[in-house]
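J.: Here it is, the structure, as structure tokens.
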There are 2 protein chains.
Amino acid sequence: MAEREIRRNMPLFQIGTVMQLTDLTARQIRYYEEHDLISPARTEGKRRLFSLNDIDTLLDIKDLIDQGVNLAGIKGIFNVKVQQVLTSEGKQETEKIRRDISNEDLRKALRTELLQAGRFNRSSLRQGDMSRFFH
Amino acid sequence: MAEREIRRNMPLFQIGTVMQLTDLTARQIRYYEEHDLISPARTEGKRRLFSLNDIDTLLDIKDLIDQGVNLAGIKGIFNVKVQQVLTSEGKQETEKIRRDISNEDLRKALRTELLQAGRFNRSSLRQGDMSRFFH
DNA sequence: AAAATCATGTAAGAAAACCTAACATCTGTT
DNA sequence: AACAGATGTTAGGTTTTCTTACATGATTTT
């Protein structure tokens, strides 16, 4: 379980990849970082490296912005969530709040849709075949 | 199910990331591509973009090289596997061959070990907290 | 309504990361 | 010894990303 969290927090993706996965501009992504909504790691050369969690957060931000929420609101929502985990011990409550903010299913659908969008569908046939052997 | 395959074939990672995940040098990775063991996609600017399947394949190559198999041998093994899926319909047999070539558990362990190695452990605390909400 | 603020676009110049091609080097084989 | 396989290294060029600064349209505040 902790293993999964580690994986989701691994800094793996350059900003170009994140742009395509989230459909956000570099300007937007950097702006959101500037306002502490994400904190991507850096290479030695100071290039940003994003994790899967970062991408999730960016997709959530995108969701909320599409719903008309401004950055202050988003920040507030995120803080509420953090607050929640700090003050309450039960998972039920946070789960409920999570649902209040945005529909989980819709979010998931949007994410996978985005993840499959654009040029990411064409991949080498050889690899496609190999994938049958390496589960 | 096809969804997972698509995800595993998405070109996402730059060579620098792959180097760290696999512990191979850029020279090695390009050499293996030159010999058709992998076929990473390219950005418009001709930079390589690797998929999870590419990384899996590279880890397998590394495995086999550590066992003393040379590229010709690896190529042969990969061809046998492809052959197998083309000629036989059952999954049992391919499964068996898979096991003959290298121990699945060992391979898995090695992969996760590599995936957690090096600088990939330090990740932002904020994100770590957020990950509890975005499963 | 004017001024300020928010969110994003755009441009410039610099630095990092990656590219190909070529040659060097080590190791094992013929 | 000569050769082939696998990898290291170097060089010059290109792509991608970086920061900083200024521009702009849309809202909000005064």
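Identifiers for the structure tokens are assigned positionally: chains receive A, B, ... in sequence, residues are indexed from 1 per chain, and ligands are indexed from 1 in the order shown.
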Residues near DC23 of chain C, anyone? I mean within 12 Å using only C-alpha atoms (C1' of nucleotides), not counting same-chain ones fewer than 5 positions away, as a ChimeraX atom specification.
T.: /D:8-11
J.: At a cut-off of 10 Å, can you tabulate as JSON lines every residue of chain C near chain A together with its closest atom pair and the distance in Å to one decimal, using only C-alpha atoms (C1' of nucleotides) and ordering rows by chain then number?
T.:
```
{"residue": "C:DC6", "atom": "C1'", "partner": "A:Asn70", "partner_atom": "CA", "distance": 8.7}
{"residue": "C:DA7", "atom": "C1'", "partner": "A:Gln28", "partner_atom": "CA", "distance": 8.3}
{"residue": "C:DT8", "atom": "C1'", "partner": "A:Gln28", "partner_atom": "CA", "distance": 7.0}
{"residue": "C:DG9", "atom": "C1'", "partner": "A:Arg27", "partner_atom": "CA", "distance": 8.3}
{"residue": "C:DA15", "atom": "C1'", "partner": "A:Gly45", "partner_atom": "CA", "distance": 8.2}
{"residue": "C:DA16", "atom": "C1'", "partner": "A:Gly45", "partner_atom": "CA", "distance": 5.9}
{"residue": "C:DA17", "atom": "C1'", "partner": "A:Gly45", "partner_atom": "CA", "distance": 8.9}
```
J.: Output N, CA, C and O atoms (P, O5', C5', C4', C3', O3' and C1' of nucleotides) of each residue in that selection to a file, as an mmCIF file, in the first residue's frame.
T.:
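Okay, out-v3.cif is ready:
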```
data_model
loop_
_atom_site.group_PDB
_atom_site.id
_atom_site.type_symbol
_atom_site.label_atom_id
_atom_site.label_comp_id
_atom_site.auth_asym_id
_atom_site.auth_seq_id
_atom_site.Cartn_x
_atom_site.Cartn_y
_atom_site.Cartn_z
ATOM 1 P P DC C 6 -4.963 38.934 -7.131
ATOM 2 O "O5'" DC C 6 -5.551 38.131 -8.370
ATOM 3 C "C5'" DC C 6 -6.958 38.027 -8.493
ATOM 4 C "C4'" DC C 6 -7.313 37.241 -9.735
ATOM 5 C "C3'" DC C 6 -6.462 35.993 -9.979
ATOM 6 O "O3'" DC C 6 -7.343 34.942 -10.349
ATOM 7 C "C1'" DC C 6 -6.396 37.408 -11.877
ATOM 8 P P DA C 7 -6.835 33.422 -10.302
ATOM 9 O "O5'" DA C 7 -6.465 33.183 -11.841
ATOM 10 C "C5'" DA C 7 -7.520 33.163 -12.789
ATOM 11 C "C4'" DA C 7 -6.950 33.102 -14.182
ATOM 12 C "C3'" DA C 7 -5.897 32.009 -14.406
ATOM 13 O "O3'" DA C 7 -6.347 31.192 -15.459
ATOM 14 C "C1'" DA C 7 -5.165 34.086 -15.274
ATOM 15 P P DT C 8 -5.496 29.955 -15.944
ATOM 16 O "O5'" DT C 8 -4.725 30.552 -17.218
ATOM 17 C "C5'" DT C 8 -5.487 31.065 -18.292
ATOM 18 C "C4'" DT C 8 -4.615 31.886 -19.216
ATOM 19 C "C3'" DT C 8 -3.446 31.136 -19.840
ATOM 20 O "O3'" DT C 8 -3.788 30.805 -21.172
ATOM 21 C "C1'" DT C 8 -2.938 33.407 -19.295
ATOM 22 P P DG C 9 -2.691 30.273 -22.202
ATOM 23 O "O5'" DG C 9 -2.122 31.615 -22.860
ATOM 24 C "C5'" DG C 9 -3.028 32.517 -23.479
ATOM 25 C "C4'" DG C 9 -2.248 33.546 -24.295
ATOM 26 C "C3'" DG C 9 -1.125 32.958 -25.146
ATOM 27 O "O3'" DG C 9 -1.123 33.602 -26.415
ATOM 28 C "C1'" DG C 9 -0.227 34.560 -23.639
ATOM 29 P P DA C 15 23.881 30.679 -19.423
ATOM 30 O "O5'" DA C 15 23.209 29.283 -19.103
ATOM 31 C "C5'" DA C 15 22.164 29.240 -18.137
ATOM 32 C "C4'" DA C 15 21.521 27.879 -18.181
ATOM 33 C "C3'" DA C 15 22.520 26.720 -18.224
ATOM 34 O "O3'" DA C 15 22.085 25.773 -17.271
ATOM 35 C "C1'" DA C 15 20.965 26.546 -20.006
ATOM 36 P P DA C 16 22.929 24.450 -16.953
ATOM 37 O "O5'" DA C 16 21.923 23.334 -17.451
ATOM 38 C "C5'" DA C 16 20.566 23.420 -17.038
ATOM 39 C "C4'" DA C 16 19.761 22.352 -17.738
ATOM 40 C "C3'" DA C 16 20.396 20.975 -17.716
ATOM 41 O "O3'" DA C 16 19.381 20.065 -17.353
ATOM 42 C "C1'" DA C 16 19.932 21.635 -19.949
ATOM 43 P P DA C 17 19.738 18.518 -17.133
ATOM 44 O "O5'" DA C 17 19.302 17.931 -18.545
ATOM 45 C "C5'" DA C 17 17.949 18.035 -18.922
ATOM 46 C "C4'" DA C 17 17.758 17.415 -20.289
ATOM 47 C "C3'" DA C 17 18.353 16.015 -20.425
ATOM 48 O "O3'" DA C 17 17.320 15.175 -20.910
ATOM 49 C "C1'" DA C 17 19.058 17.417 -22.197
#
```
J.: Do me a favour and pick out the residues of chain D within 9 Å of chain B, using only C-alpha atoms (C1' of nucleotides), as a list in words.
T.: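 That gives DG5, DA6, DT7, DG8, DT14, DT15 and DT16 of chain D for chain D.
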J.: I'd like the contact shell of DG13 of chain D - 12 Å cut-off, only C-alpha atoms (C1' of nucleotides), skipping same-chain residues fewer than 4 positions apart - returned as an NGL selection string.
T.: :C and (18-21)
J.: Counting only C-alpha atoms, which residue out of A:Asn79, A:Asn9, A:Thr22, A:Gln67 sits closest to chain B?
T.: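 Of the candidates, the smallest distance to chain B is held by A:Asn9.
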J.: State, in Å with one decimal place, the distance from atom CA of Pro11 of chain B to atom CA of Tyr32 of chain B.
T.: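 Value for the atom CA of Pro11 of chain B-atom CA of Tyr32 of chain B distance: 17.1 Å.
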J.: Compile the contact shell of DT30 of chain D as a PyMOL selection string: residues with an atom at most 10 Å away, counting only C-alpha atoms (C1' of nucleotides), same-chain residues fewer than 3 positions apart removed.
T.: chain C and resi 2-4
J.: Using only C-alpha atoms, find the one residue out of B:Asp63, B:Glu34, B:Asp54, B:Asp23 that sits nearest to chain A.
T.: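 Nearest candidate to chain A out of B:Asp63, B:Glu34, B:Asp54, B:Asp23: B:Asp54.
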J.: Restricting the calculation to only C-alpha atoms (C1' of nucleotides): of D:DT19, D:DG12, D:DT24, D:DT29, which residue gets closest to DA12 of chain C?
T.: D:DT19
J.: Might you pull out every residue within 12 Å of DT20 of chain D, with only C-alpha atoms (C1' of nucleotides) counted and same-chain residues fewer than 3 positions away left off, and present them as a PyMOL selection string?
T.: chain C and resi 11-14
J.: Which is closest to chain B among A:Arg48, A:Leu37, A:Ile61, A:Asp66, if we use only C-alpha atoms?
T.: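 The shortest atom-to-atom distance to chain B comes from A:Leu37.
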J.: How far is it from atom CA of Gly16 of chain A to atom CA of Phe50 of chain A, in Å with one decimal?
T.: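 Straight-line distance from atom CA of Gly16 of chain A to atom CA of Phe50 of chain A works out to 10.4 Å.
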J.: Grab the atom CA of Met19 of chain A to atom CA of Glu3 of chain B distance for me, in Å with one decimal place.
T.: 21.2 Å
